[in-house]
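Engineer: What follows is the file query-v1.csv, containing CSV, C-alpha atoms:
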```csv
chain,number,residue,atom,x,y,z
A,914,MET,CA,-2.1,28.6,-22.1
A,915,GLN,CA,-0.3,28.1,-18.8
A,916,ARG,CA,0.1,24.5,-17.6
A,917,GLN,CA,-1.0,23.9,-14.0
A,918,LYS,CA,1.9,22.6,-11.8
A,919,ILE,CA,1.0,19.4,-9.9
A,920,GLY,CA,2.2,19.0,-6.4
A,921,ALA,CA,4.7,16.4,-5.1
A,922,ARG,CA,1.9,14.3,-3.6
A,923,ALA,CA,-0.1,14.2,-6.9
A,924,GLU,CA,3.1,13.5,-8.9
A,925,TYR,CA,4.1,10.6,-6.7
A,926,ARG,CA,0.6,9.1,-6.7
A,927,GLU,CA,0.6,9.3,-10.5
A,928,GLN,CA,4.0,7.5,-10.8
A,929,GLU,CA,2.8,4.8,-8.4
A,930,SER,CA,-0.5,4.4,-10.2
A,931,GLN,CA,1.4,3.9,-13.4
A,932,ARG,CA,3.6,1.3,-11.8
A,933,VAL,CA,0.5,-0.6,-10.6
A,934,ARG,CA,-1.2,-0.3,-14.0
A,935,ASP,CA,2.0,-1.7,-15.7
A,936,SER,CA,2.2,-4.7,-13.5
A,937,ALA,CA,0.7,-8.2,-14.2
A,938,ASN,CA,-2.6,-9.3,-12.7
A,939,LEU,CA,-2.2,-11.5,-9.6
A,940,ALA,CA,-3.8,-14.4,-11.4
A,941,ASP,CA,-1.2,-14.3,-14.1
A,942,LYS,CA,1.8,-13.7,-11.9
A,943,PHE,CA,0.9,-16.3,-9.3
A,944,ALA,CA,-1.0,-19.0,-11.2
A,945,HIS,CA,-1.3,-21.4,-8.3
A,946,LEU,CA,-2.7,-18.7,-5.9
A,947,LYS,CA,-6.5,-19.3,-5.8
A,948,ARG,CA,-7.6,-17.1,-3.0
A,949,LEU,CA,-6.3,-14.0,-1.1
A,950,THR,CA,-8.0,-12.2,1.7
A,951,VAL,CA,-6.6,-9.0,3.1
A,952,ASP,CA,-7.2,-7.6,6.6
A,953,MET,CA,-5.7,-4.1,7.1
A,954,GLN,CA,-5.8,-1.9,10.1
A,955,PHE,CA,-4.5,1.7,10.0
A,956,TYR,CA,-3.2,3.4,13.1
A,957,THR,CA,-2.0,6.9,14.1
A,958,PRO,CA,1.8,7.4,14.5
A,959,GLY,CA,3.0,5.2,17.2
A,960,GLY,CA,0.2,2.7,16.7
A,961,LEU,CA,-1.9,4.1,19.6
A,962,SER,CA,-5.3,4.7,18.0
A,963,ARG,CA,-6.8,2.7,15.1
A,964,THR,CA,-8.2,5.1,12.5
A,965,SER,CA,-9.7,2.5,10.1
A,966,GLN,CA,-9.9,-1.1,9.1
A,967,VAL,CA,-10.5,-2.8,5.8
A,968,LYS,CA,-11.1,-6.5,5.1
A,969,TYR,CA,-11.8,-7.9,1.7
A,970,GLU,CA,-11.4,-10.8,-0.7
A,971,VAL,CA,-9.1,-9.9,-3.6
A,972,ASN,CA,-10.3,-10.5,-7.1
A,973,LEU,CA,-7.1,-12.2,-8.5
A,974,ALA,CA,-8.1,-11.7,-12.1
A,975,ASN,CA,-8.3,-7.9,-11.7
A,976,ALA,CA,-5.9,-7.1,-8.9
A,977,LYS,CA,-2.4,-6.1,-9.8
A,978,SER,CA,0.8,-7.7,-8.6
A,979,VAL,CA,2.2,-4.4,-7.4
A,980,PHE,CA,0.2,-4.6,-4.2
A,981,ARG,CA,0.2,-1.2,-2.5
A,982,PHE,CA,-2.2,0.8,-0.4
A,983,GLN,CA,-2.5,4.5,0.1
A,984,CYS,CA,-1.7,6.1,3.4
A,985,PRO,CA,-4.8,7.3,5.1
A,986,ASN,CA,-3.1,10.7,5.9
A,987,HIS,CA,-4.5,12.8,3.0
A,988,GLU,CA,-1.6,15.3,3.4
A,989,CYS,CA,1.1,12.5,3.3
A,990,VAL,CA,3.8,13.1,0.6
A,991,ARG,CA,5.7,10.2,-1.0
A,992,GLY,CA,4.4,7.7,1.6
A,993,ASP,CA,1.9,4.8,1.3
A,994,PHE,CA,2.3,1.0,2.0
A,995,ASP,CA,3.7,-1.4,-0.5
A,996,LEU,CA,3.1,-5.1,0.3
A,997,THR,CA,4.4,-6.4,-3.1
A,998,GLU,CA,7.5,-8.1,-1.6
A,999,GLU,CA,5.6,-9.5,1.4
A,1000,LEU,CA,3.0,-11.1,-0.9
A,1001,ALA,CA,5.5,-12.5,-3.3
A,1002,ALA,CA,7.6,-14.0,-0.5
A,1003,ALA,CA,4.5,-15.6,1.0
A,1004,VAL,CA,3.4,-17.1,-2.3
A,1005,ALA,CA,6.9,-18.4,-3.0
A,1006,ALA,CA,7.0,-20.1,0.4
A,1007,LYS,CA,3.4,-21.3,-0.1
A,1008,ARG,CA,2.4,-19.8,3.2
A,1009,HIS,CA,-1.3,-19.8,4.1
A,1010,ALA,CA,-1.1,-16.7,6.3
A,1011,VAL,CA,1.3,-13.8,6.8
A,1012,ALA,CA,1.0,-10.9,9.2
A,1013,GLY,CA,3.1,-7.8,9.7
A,1014,GLU,CA,3.3,-4.1,10.4
A,1015,MET,CA,4.7,-1.2,8.4
A,1016,THR,CA,5.3,2.4,9.2
A,1017,CYS,CA,4.7,5.0,6.5
A,1018,GLN,CA,8.0,6.7,5.6
A,1019,GLY,CA,6.4,9.6,3.7
A,1020,TRP,CA,6.4,13.1,4.9
A,1021,ARG,CA,3.5,14.3,7.1
A,1022,SER,CA,2.6,17.1,4.7
A,1023,LYS,CA,4.1,19.3,2.0
A,1024,THR,CA,5.2,21.8,4.6
A,1025,THR,CA,7.1,19.2,6.6
A,1026,ILE,CA,9.1,17.6,3.8
A,1027,ASP,CA,12.6,16.8,5.1
A,1028,LYS,CA,11.4,17.5,8.7
A,1029,TYR,CA,8.7,15.1,9.9
A,1030,ARG,CA,7.9,11.7,8.6
A,1031,CYS,CA,4.2,10.6,8.4
A,1032,GLN,CA,4.7,7.5,10.7
A,1033,ASN,CA,1.1,6.2,10.3
A,1034,VAL,CA,1.1,2.4,10.9
A,1035,LEU,CA,-0.4,-0.4,8.9
A,1036,LYS,CA,-1.0,-3.7,10.5
A,1037,TYR,CA,-2.0,-6.4,8.0
A,1038,GLU,CA,-2.8,-10.0,7.7
A,1039,LEU,CA,-2.9,-11.8,4.3
A,1040,THR,CA,-4.7,-15.2,4.1
A,1041,LEU,CA,-3.7,-17.2,1.0
A,1042,GLY,CA,-5.3,-20.3,-0.6
A,1043,TYR,CA,-3.8,-22.6,-3.2
```
Would it be possible to restate this file's structure as structure tokens?
Structural biologist:
Amino acid sequence: MQRQKIGARAEYREQESQRVRDSANLADKFAHLKRLTVDMQFYTPGGLSRTSQVKYEVNLANAKSVFRFQCPNHECVRGDFDLTEELAAAVAAKRHAVAGEMTCQGWRSKTTIDKYRCQNVLKYELTLGY
């Protein structure tokens, strides 16, 4: 039986999913964090047009401390947005809100690897309660 080769995108997603699964829950890692709300807005490269927005209250008992989100570009290879360090720094400083912007550094598609970066933009706001 011949094994099916998985693509670079699927391989990367599996590695990142495993990294998330292996991380501690937010409630265990940040015991004094009682509430976390995430407001994310995704934009096209250059930040000109918003493509989607997500706002939700995080279930701290179930959410993982590797805090990452997939790039909305379904063709993106080795991209995505990782807010793990931003969240950890905010909790360590006991900040009640943190906002920022990230640009996806993945490749636009499998045919543009080493040529064109994805460059989708994530604007986020984290609201924390202790």
Engineer: Show which residues sit within 8 Å of range 952-965 of chain A, as a PyMOL selection string. Count all atoms listed in the file, and ignore same-chain residues fewer than 3 positions away.
Structural biologist: chain A and resi 968-969+985+1031-1039
Engineer: Which residues are near Thr997 in chain A? Cut-off 10 Å, all atoms listed in the file, ignore same chain within fewer than 6 positions. Put them as a VMD selection string.
Structural biologist: chain A and resid 977 to 981
Engineer: Do you know which residues are at most 9 Å from Cys989 in chain A counting all atoms listed in the file, after dropping those on the same chain fewer than 5 positions away, and could you put them as number ranges by chain?
Structural biologist: A: 922, 984, 1017, 1019-1023, 1030-1031
Engineer: Using only C-alpha atoms for the distances, tell me which of A:Asn975, A:Gln1018, A:Thr1024, A:Gln983 is nearest to Arg934 in chain A.
Structural biologist: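 Going through A:Asn975, A:Gln1018, A:Thr1024, A:Gln983 one by one, the smallest distance to Arg934 in chain A is for A:Asn975.
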Engineer: For CA of Val1011 in chain A and CA of Gly1042 in chain A, determine how far apart the two atoms are, in Å to one decimal place.
Structural biologist: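 Rounded to one decimal, the two atoms are 11.9 Å apart.
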Engineer: From the options A:Met1015, A:Ala940, A:Leu946, A:Ala976, which residue's atoms come nearest to Phe994 in chain A, counting only C-alpha atoms?
Structural biologist: A:Met1015
Engineer: Which residues, protein or nucleic acid, reach to within 7 Å of (1.3, -20.3, -4.0) in the file's coordinates when using all atoms listed in the file, and can you give that as a CSV table (one decimal) with C-alpha atoms, keeping the file's coordinate frame?
Structural biologist:
```csv
chain,number,residue,atom,x,y,z
A,943,PHE,CA,0.9,-16.3,-9.3
A,945,HIS,CA,-1.3,-21.4,-8.3
A,946,LEU,CA,-2.7,-18.7,-5.9
A,1004,VAL,CA,3.4,-17.1,-2.3
A,1005,ALA,CA,6.9,-18.4,-3.0
A,1007,LYS,CA,3.4,-21.3,-0.1
A,1043,TYR,CA,-3.8,-22.6,-3.2
```
Engineer: Given the choices A:Ala1012, A:Val967, A:Val990, A:Ala974, which gets closest to Lys947 in chain A if the distance is worked out from only C-alpha atoms?
Structural biologist: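 Smallest distance to Lys947 in chain A is found for A:Ala974.
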Engineer: Within 10 Å of Arg926 in chain A, counting all atoms listed in the file, which residues qualify if same-chain residues fewer than 4 places away don't, as a ChimeraX atom specification?
Structural biologist: /A:921-922,930-932,983,990-993
